[in-house]
Amino acid sequence: MELNEEQLKLAENQLKKHLPSSLMVYGALVMRNRVSSDPLDVIVDTWPDFRVIICRPQVTQREDLFKDSLVFTTDSKALEELVRRDPVFDWTQHFRFVIDLKDISLFKTFASEKKVPCSELAICHMMTLTDVNKLPPVDSTGVRLASLTESHIQLVNQTWKFSEGMAETMIRNMIRNFPSKCVLDERGQPVSWILTYNSSELGMLYTLPEHRGKGYAKILISTMARSLHSEGYPVYCAIEEKNLVSYRLFQKLGFTEDPGYRTVWYEFNDLP
């Protein structure tokens, strides 16, 4: 069944009981219940005591290819029953989703049965800041901070490693609706920035090569973390397994992970 507005608020509170493994779906509902953005269908197996919850974006065009479905379950059998019983995903179309690494085998089995090509995009550590007071002091003297604007969409789109120049629609939505921060140079142009995904997750952290080594990333992470925390958002990020530089940076800033919880991004059906 699909949840209505009142049920979405109740589901947000229920998901808090299952942190950190419910983190991305919880973060999506926190954002969904506070900010107007792209439409999102939220589906559960039963209500109110759900065992499966899926956040599914409404995909209507090629530019929506970066919209990910998010899946959380406390019962793998219930997840299998829901996906087999209901048309939660259109297996004839391209789609991407994020799930706990331990549950991915189920979807790989579905894909094999339906002869649908699939590929792993990334496996990530989930780094969470549980206590904002653990953030070390950061000196931002003389650093000009601001929020990103729509005039910066192309810059972010060109530098995000997963984009290949095709994530403009998603980035526009993020800049319009979700928190962001950037460091501006003397001409008022961004030289370092960080955004927030629709799951409340920090991401797209980037500093132009000629401005690295100045501590901008630490300033941005610290500033965004405090801001998100003050507004009631979870403070977390997904770090690719091989990205040791980012992992150590967030670790030094007080972010930690539950070693039993990692997420995987998967893609089904190649784009035409």
# chains A, B, ... in the order shown; residues from 1 in each chain; ligands from 1

call {"tool": "residues_around", "arguments": {"residues": "Thr92 of chain A", "least_positions_apart": "3", "cutoff": "10 Å", "atoms": "only C-alpha atoms", "output": "ChimeraX atom specification"}}
result
/A:89,95,114,116,268-269

call {"tool": "residues_around", "arguments": {"residues": "Val132 of chain A", "least_positions_apart": "2", "cutoff": "9 Å", "atoms": "only C-alpha atoms", "output": "VMD selection string"}}
result
chain A and resid 129 to 130 134 to 135 222 225 to 226 229 235 254

call {"tool": "residues_around", "arguments": {"residues": "His18 of chain A", "least_positions_apart": "3", "cutoff": "12 Å", "atoms": "only C-alpha atoms", "output": "number ranges by chain"}}
result
A: 11-15, 21-26, 51-52, 72-74, 261

call {"tool": "write_last_selection", "arguments": {"atoms": "N, CA and C atoms", "output": "CSV table (one decimal), in the first residue's frame"}}
result
chain,number,residue,atom,x,y,z
A,11,ALA,N,5.5,7.0,9.8
A,11,ALA,CA,6.5,6.1,9.4
A,11,ALA,C,7.9,6.6,9.7
A,12,GLU,N,8.1,8.0,9.6
A,12,GLU,CA,9.3,8.6,9.9
A,12,GLU,C,9.7,8.2,11.3
A,13,ASN,N,8.8,8.4,12.3
A,13,ASN,CA,9.1,8.1,13.7
A,13,ASN,C,9.4,6.6,13.9
A,14,GLN,N,8.7,5.7,13.2
A,14,GLN,CA,8.9,4.3,13.3
A,14,GLN,C,10.3,3.9,12.8
A,15,LEU,N,10.8,4.6,11.8
A,15,LEU,CA,12.1,4.2,11.2
A,15,LEU,C,13.2,4.6,12.1
A,21,SER,N,20.5,1.2,10.1
A,21,SER,CA,20.2,0.5,8.8
A,21,SER,C,19.0,1.1,8.1
A,22,SER,N,18.1,1.8,8.7
A,22,SER,CA,17.0,2.5,8.0
A,22,SER,C,17.4,3.9,7.6
A,23,LEU,N,18.7,4.3,7.7
A,23,LEU,CA,19.1,5.6,7.6
A,23,LEU,C,18.7,6.4,6.3
A,24,MET,N,18.8,5.7,5.1
A,24,MET,CA,18.5,6.4,3.9
A,24,MET,C,17.0,6.6,3.7
A,25,VAL,N,16.2,5.6,4.0
A,25,VAL,CA,14.8,5.8,3.9
A,25,VAL,C,14.3,6.7,5.0
A,26,TYR,N,14.8,6.7,6.2
A,26,TYR,CA,14.5,7.6,7.2
A,26,TYR,C,14.8,9.0,6.8
A,51,ARG,N,7.1,-4.2,7.6
A,51,ARG,CA,8.4,-4.8,7.6
A,51,ARG,C,9.2,-4.4,6.4
A,52,VAL,N,8.6,-3.8,5.4
A,52,VAL,CA,9.2,-3.3,4.2
A,52,VAL,C,8.7,-1.9,3.9
A,72,PHE,N,14.2,-0.4,2.5
A,72,PHE,CA,14.6,-0.9,3.8
A,72,PHE,C,13.6,-2.0,4.2
A,73,THR,N,14.2,-3.0,4.8
A,73,THR,CA,13.4,-4.1,5.3
A,73,THR,C,13.9,-4.7,6.6
A,74,THR,N,13.1,-5.2,7.4
A,74,THR,CA,13.5,-5.9,8.6
A,74,THR,C,13.2,-7.4,8.4
A,261,TYR,N,26.7,-2.4,8.6
A,261,TYR,CA,25.7,-1.8,7.6
A,261,TYR,C,26.4,-1.1,6.5

call {"tool": "residues_around", "arguments": {"residues": "segment 34-42 of chain A", "least_positions_apart": "6", "cutoff": "7 Å", "atoms": "only C-alpha atoms", "output": "VMD selection string"}}
result
chain A and resid 2 to 3 53 to 58 173 177

call {"tool": "residues_around", "arguments": {"residues": "His211 of chain A", "least_positions_apart": "2", "cutoff": "12 Å", "atoms": "only C-alpha atoms", "output": "PyMOL selection string"}}
result
chain A and resi 183-185+190-193+206-209+213-217

call {"tool": "write_last_selection", "arguments": {"atoms": "all heavy atoms", "output": "short mmCIF file (atom, residue, chain, number, x, y, z; two decimals), in the first residue's frame"}}
result
data_model
loop_
_atom_site.label_atom_id
_atom_site.label_comp_id
_atom_site.auth_asym_id
_atom_site.auth_seq_id
_atom_site.Cartn_x
_atom_site.Cartn_y
_atom_site.Cartn_z
N VAL A 183 31.94 27.80 -0.85
CA VAL A 183 32.93 28.85 -0.57
C VAL A 183 33.06 29.69 -1.84
O VAL A 183 33.26 29.15 -2.94
CB VAL A 183 34.29 28.24 -0.20
CG1 VAL A 183 35.34 29.34 -0.04
CG2 VAL A 183 34.18 27.42 1.09
N LEU A 184 32.96 31.00 -1.70
CA LEU A 184 33.05 31.90 -2.84
C LEU A 184 34.42 32.56 -2.90
O LEU A 184 35.01 32.89 -1.86
CB LEU A 184 31.97 32.99 -2.75
CG LEU A 184 30.51 32.51 -2.70
CD1 LEU A 184 29.58 33.71 -2.53
CD2 LEU A 184 30.15 31.72 -3.94
N ASP A 185 34.92 32.76 -4.12
CA ASP A 185 36.19 33.48 -4.28
C ASP A 185 35.93 34.98 -4.31
O ASP A 185 34.79 35.45 -4.08
CB ASP A 185 36.92 33.01 -5.54
CG ASP A 185 36.17 33.31 -6.83
OD1 ASP A 185 35.18 34.08 -6.80
OD2 ASP A 185 36.57 32.78 -7.90
N PRO A 190 31.74 30.10 -6.86
CA PRO A 190 32.02 28.95 -5.99
C PRO A 190 33.34 28.27 -6.36
O PRO A 190 33.62 28.04 -7.54
CB PRO A 190 30.84 28.00 -6.25
CG PRO A 190 29.79 28.84 -6.88
CD PRO A 190 30.51 29.89 -7.65
N VAL A 191 34.13 27.95 -5.36
CA VAL A 191 35.37 27.20 -5.58
C VAL A 191 35.36 25.87 -4.81
O VAL A 191 36.19 25.00 -5.05
CB VAL A 191 36.60 28.03 -5.18
CG1 VAL A 191 36.70 29.28 -6.06
CG2 VAL A 191 36.56 28.42 -3.71
N SER A 192 34.40 25.73 -3.90
CA SER A 192 34.24 24.50 -3.13
C SER A 192 32.78 24.43 -2.69
O SER A 192 32.18 25.47 -2.39
CB SER A 192 35.17 24.51 -1.92
OG SER A 192 35.12 23.28 -1.21
N TRP A 193 32.20 23.21 -2.66
CA TRP A 193 30.77 23.14 -2.33
C TRP A 193 30.38 21.76 -1.81
O TRP A 193 31.09 20.79 -1.97
CB TRP A 193 29.92 23.49 -3.55
CG TRP A 193 30.24 22.68 -4.78
CD1 TRP A 193 29.77 21.43 -5.11
CD2 TRP A 193 31.11 23.08 -5.84
NE1 TRP A 193 30.31 21.02 -6.31
CE2 TRP A 193 31.13 22.02 -6.79
CE3 TRP A 193 31.89 24.21 -6.09
CZ2 TRP A 193 31.90 22.08 -7.95
CZ3 TRP A 193 32.66 24.27 -7.24
CH2 TRP A 193 32.65 23.21 -8.16
N TYR A 206 33.05 18.86 -3.29
CA TYR A 206 34.07 19.05 -4.33
C TYR A 206 34.75 20.40 -4.15
O TYR A 206 34.10 21.40 -3.80
CB TYR A 206 33.43 19.00 -5.72
CG TYR A 206 34.45 19.01 -6.85
CD1 TYR A 206 35.07 17.83 -7.26
CD2 TYR A 206 34.79 20.19 -7.52
CE1 TYR A 206 36.00 17.84 -8.29
CE2 TYR A 206 35.72 20.20 -8.53
CZ TYR A 206 36.32 19.02 -8.93
OH TYR A 206 37.25 19.02 -9.95
N THR A 207 36.06 20.40 -4.39
CA THR A 207 36.84 21.64 -4.39
C THR A 207 37.62 21.71 -5.69
O THR A 207 38.25 20.72 -6.09
CB THR A 207 37.82 21.69 -3.20
OG1 THR A 207 37.08 21.59 -1.98
CG2 THR A 207 38.61 22.99 -3.21
N LEU A 208 37.57 22.83 -6.36
CA LEU A 208 38.34 23.00 -7.59
C LEU A 208 39.82 22.74 -7.29
O LEU A 208 40.33 23.17 -6.25
CB LEU A 208 38.14 24.40 -8.15
CG LEU A 208 36.72 24.76 -8.61
CD1 LEU A 208 36.66 26.22 -9.07
CD2 LEU A 208 36.25 23.84 -9.74
N PRO A 209 40.53 22.05 -8.19
CA PRO A 209 41.92 21.66 -7.92
C PRO A 209 42.83 22.79 -7.45
O PRO A 209 43.65 22.60 -6.55
CB PRO A 209 42.37 21.10 -9.28
CG PRO A 209 41.12 20.58 -9.90
CD PRO A 209 40.04 21.54 -9.48
N GLY A 213 43.65 22.13 -0.40
CA GLY A 213 44.67 22.32 0.62
C GLY A 213 44.44 23.53 1.50
O GLY A 213 45.32 23.89 2.31
N LYS A 214 43.27 24.15 1.40
CA LYS A 214 42.97 25.34 2.19
C LYS A 214 41.97 25.06 3.32
O LYS A 214 41.57 25.98 4.03
CB LYS A 214 42.41 26.44 1.29
CG LYS A 214 43.37 26.87 0.17
CD LYS A 214 42.74 27.92 -0.73
CE LYS A 214 43.68 28.31 -1.87
NZ LYS A 214 43.08 29.33 -2.77
N GLY A 215 41.57 23.80 3.46
CA GLY A 215 40.64 23.44 4.53
C GLY A 215 39.19 23.72 4.24
O GLY A 215 38.34 23.67 5.14
N TYR A 216 38.86 23.98 2.97
CA TYR A 216 37.48 24.33 2.62
C TYR A 216 36.51 23.17 2.88
O TYR A 216 35.38 23.38 3.34
CB TYR A 216 37.38 24.75 1.16
CG TYR A 216 38.02 26.08 0.85
CD1 TYR A 216 38.37 26.43 -0.46
CD2 TYR A 216 38.27 27.02 1.86
CE1 TYR A 216 38.95 27.66 -0.75
CE2 TYR A 216 38.85 28.25 1.57
CZ TYR A 216 39.20 28.56 0.26
OH TYR A 216 39.77 29.78 -0.03
N ALA A 217 36.92 21.94 2.58
CA ALA A 217 36.03 20.79 2.77
C ALA A 217 35.63 20.66 4.24
O ALA A 217 34.46 20.42 4.56
CB ALA A 217 36.71 19.52 2.28
#

call {"tool": "atom_distance", "arguments": {"atom1": "atom CA of Tyr233 of chain A", "atom2": "atom CA of Asp45 of chain A"}}
result
25.8 Å

call {"tool": "select_by_dssp", "arguments": {"residues": "segment 60-265 of chain A", "states": "strand (DSSP E or B)", "output": "VMD selection string"}}
result
chain A and resid 68 to 73 95 to 100 118 to 128 144 to 146 181 to 184 190 to 196 202 to 207 236 to 240 256 262 to 265

call {"tool": "write_last_selection", "arguments": {"atoms": "N, CA and C atoms", "output": "short mmCIF file (atom, residue, chain, number, x, y, z; two decimals), in the first residue's frame"}}
result
data_model
loop_
_atom_site.label_atom_id
_atom_site.label_comp_id
_atom_site.auth_asym_id
_atom_site.auth_seq_id
_atom_site.Cartn_x
_atom_site.Cartn_y
_atom_site.Cartn_z
N ASP A 68 16.95 7.59 -7.46
CA ASP A 68 17.11 6.24 -6.91
C ASP A 68 15.91 5.85 -6.05
N SER A 69 15.46 4.62 -6.19
CA SER A 69 14.53 4.04 -5.23
C SER A 69 15.32 3.60 -4.00
N LEU A 70 14.73 3.74 -2.83
CA LEU A 70 15.39 3.37 -1.58
C LEU A 70 14.59 2.27 -0.91
N VAL A 71 15.28 1.25 -0.44
CA VAL A 71 14.61 0.08 0.12
C VAL A 71 15.14 -0.21 1.53
N PHE A 72 14.20 -0.43 2.46
CA PHE A 72 14.59 -0.88 3.81
C PHE A 72 13.64 -1.99 4.23
N THR A 73 14.19 -3.03 4.83
CA THR A 73 13.36 -4.12 5.33
C THR A 73 13.94 -4.70 6.61
N PHE A 95 15.95 1.39 -14.13
CA PHE A 95 15.79 1.98 -12.80
C PHE A 95 17.00 1.65 -11.94
N ARG A 96 17.19 2.46 -10.91
CA ARG A 96 18.29 2.30 -9.96
C ARG A 96 17.71 2.28 -8.55
N PHE A 97 18.38 1.58 -7.66
CA PHE A 97 17.92 1.63 -6.28
C PHE A 97 19.08 1.39 -5.33
N VAL A 98 18.82 1.72 -4.06
CA VAL A 98 19.81 1.61 -2.99
C VAL A 98 19.23 0.70 -1.92
N ILE A 99 20.04 -0.24 -1.44
CA ILE A 99 19.57 -1.19 -0.45
C ILE A 99 20.74 -1.62 0.43
N ASP A 100 20.42 -2.15 1.59
CA ASP A 100 21.44 -2.73 2.47
C ASP A 100 22.16 -3.84 1.71
N CYS A 118 21.75 -6.30 -15.02
CA CYS A 118 21.93 -5.44 -13.86
C CYS A 118 23.42 -5.26 -13.61
N SER A 119 23.77 -4.20 -12.91
CA SER A 119 25.17 -3.92 -12.61
C SER A 119 25.29 -3.17 -11.30
N GLU A 120 26.36 -3.43 -10.61
CA GLU A 120 26.65 -2.74 -9.36
C GLU A 120 27.32 -1.42 -9.67
N LEU A 121 26.80 -0.34 -9.08
CA LEU A 121 27.36 0.99 -9.29
C LEU A 121 28.34 1.38 -8.19
N ALA A 122 28.01 1.05 -6.95
CA ALA A 122 28.90 1.41 -5.84
C ALA A 122 28.48 0.71 -4.56
N ILE A 123 29.46 0.36 -3.73
CA ILE A 123 29.22 -0.09 -2.37
C ILE A 123 29.81 0.97 -1.44
N CYS A 124 29.02 1.38 -0.45
CA CYS A 124 29.44 2.53 0.34
C CYS A 124 29.39 2.28 1.85
N HIS A 125 30.37 2.89 2.55
CA HIS A 125 30.31 3.03 3.99
C HIS A 125 29.25 4.09 4.30
N MET A 126 28.48 3.87 5.35
CA MET A 126 27.53 4.89 5.79
C MET A 126 28.09 5.56 7.03
N MET A 127 28.50 6.80 6.88
CA MET A 127 29.15 7.55 7.95
C MET A 127 28.14 8.51 8.59
N THR A 128 27.98 8.41 9.90
CA THR A 128 26.97 9.19 10.61
C THR A 128 27.61 10.03 11.71
N ARG A 144 34.37 33.19 2.73
CA ARG A 144 33.04 33.68 2.38
C ARG A 144 32.13 32.49 2.02
N LEU A 145 31.12 32.25 2.86
CA LEU A 145 30.21 31.13 2.65
C LEU A 145 28.87 31.61 2.14
N ALA A 146 28.24 30.78 1.32
CA ALA A 146 26.92 31.09 0.78
C ALA A 146 26.23 29.79 0.39
N LYS A 181 25.91 24.46 0.66
CA LYS A 181 26.87 25.48 1.06
C LYS A 181 28.01 25.52 0.06
N CYS A 182 28.59 26.69 -0.12
CA CYS A 182 29.77 26.81 -0.97
C CYS A 182 30.68 27.90 -0.44
N VAL A 183 31.94 27.80 -0.85
CA VAL A 183 32.93 28.85 -0.57
C VAL A 183 33.06 29.69 -1.84
N LEU A 184 32.96 31.00 -1.70
CA LEU A 184 33.05 31.90 -2.84
C LEU A 184 34.42 32.56 -2.90
N PRO A 190 31.74 30.10 -6.86
CA PRO A 190 32.02 28.95 -5.99
C PRO A 190 33.34 28.27 -6.36
N VAL A 191 34.13 27.95 -5.36
CA VAL A 191 35.37 27.20 -5.58
C VAL A 191 35.36 25.87 -4.81
N SER A 192 34.40 25.73 -3.90
CA SER A 192 34.24 24.50 -3.13
C SER A 192 32.78 24.43 -2.69
N TRP A 193 32.20 23.21 -2.66
CA TRP A 193 30.77 23.14 -2.33
C TRP A 193 30.38 21.76 -1.81
N ILE A 194 29.20 21.74 -1.18
CA ILE A 194 28.60 20.50 -0.69
C ILE A 194 27.09 20.65 -0.79
N LEU A 195 26.40 19.56 -1.18
CA LEU A 195 24.96 19.59 -1.36
C LEU A 195 24.30 18.54 -0.47
N THR A 196 22.97 18.50 -0.52
CA THR A 196 22.20 17.50 0.21
C THR A 196 21.26 16.80 -0.77
N LEU A 202 24.48 14.08 2.91
CA LEU A 202 25.49 15.00 2.41
C LEU A 202 26.17 14.39 1.18
N GLY A 203 26.46 15.21 0.18
CA GLY A 203 27.11 14.65 -0.99
C GLY A 203 27.61 15.71 -1.96
N MET A 204 28.23 15.23 -3.04
CA MET A 204 28.79 16.07 -4.11
C MET A 204 29.83 17.05 -3.58
N LEU A 205 30.50 16.68 -2.47
CA LEU A 205 31.56 17.52 -1.93
C LEU A 205 32.68 17.63 -2.96
N TYR A 206 33.05 18.86 -3.29
CA TYR A 206 34.07 19.05 -4.33
C TYR A 206 34.75 20.40 -4.15
N THR A 207 36.06 20.40 -4.39
CA THR A 207 36.84 21.64 -4.39
C THR A 207 37.62 21.71 -5.69
N TYR A 236 24.62 12.60 7.85
CA TYR A 236 25.34 11.40 7.41
C TYR A 236 25.76 11.53 5.96
N CYS A 237 26.59 10.60 5.51
CA CYS A 237 27.01 10.58 4.11
C CYS A 237 27.38 9.15 3.73
N ALA A 238 27.40 8.89 2.44
CA ALA A 238 27.81 7.59 1.90
C ALA A 238 29.18 7.76 1.25
N ILE A 239 30.14 6.95 1.66
CA ILE A 239 31.50 7.04 1.13
C ILE A 239 31.83 5.74 0.40
N GLU A 240 32.19 5.84 -0.86
CA GLU A 240 32.57 4.64 -1.61
C GLU A 240 33.70 3.90 -0.91
N THR A 256 31.13 8.36 12.28
CA THR A 256 31.43 6.96 12.53
C THR A 256 30.51 6.08 11.68
N ARG A 262 26.29 -1.56 5.31
CA ARG A 262 26.78 -0.87 4.12
C ARG A 262 25.69 -0.90 3.06
N THR A 263 25.69 0.09 2.22
CA THR A 263 24.67 0.16 1.18
C THR A 263 25.28 -0.10 -0.18
N VAL A 264 24.44 -0.58 -1.09
CA VAL A 264 24.89 -0.81 -2.45
C VAL A 264 23.91 -0.14 -3.41
N TRP A 265 24.48 0.51 -4.42
CA TRP A 265 23.70 1.12 -5.50
C TRP A 265 23.70 0.14 -6.68
#
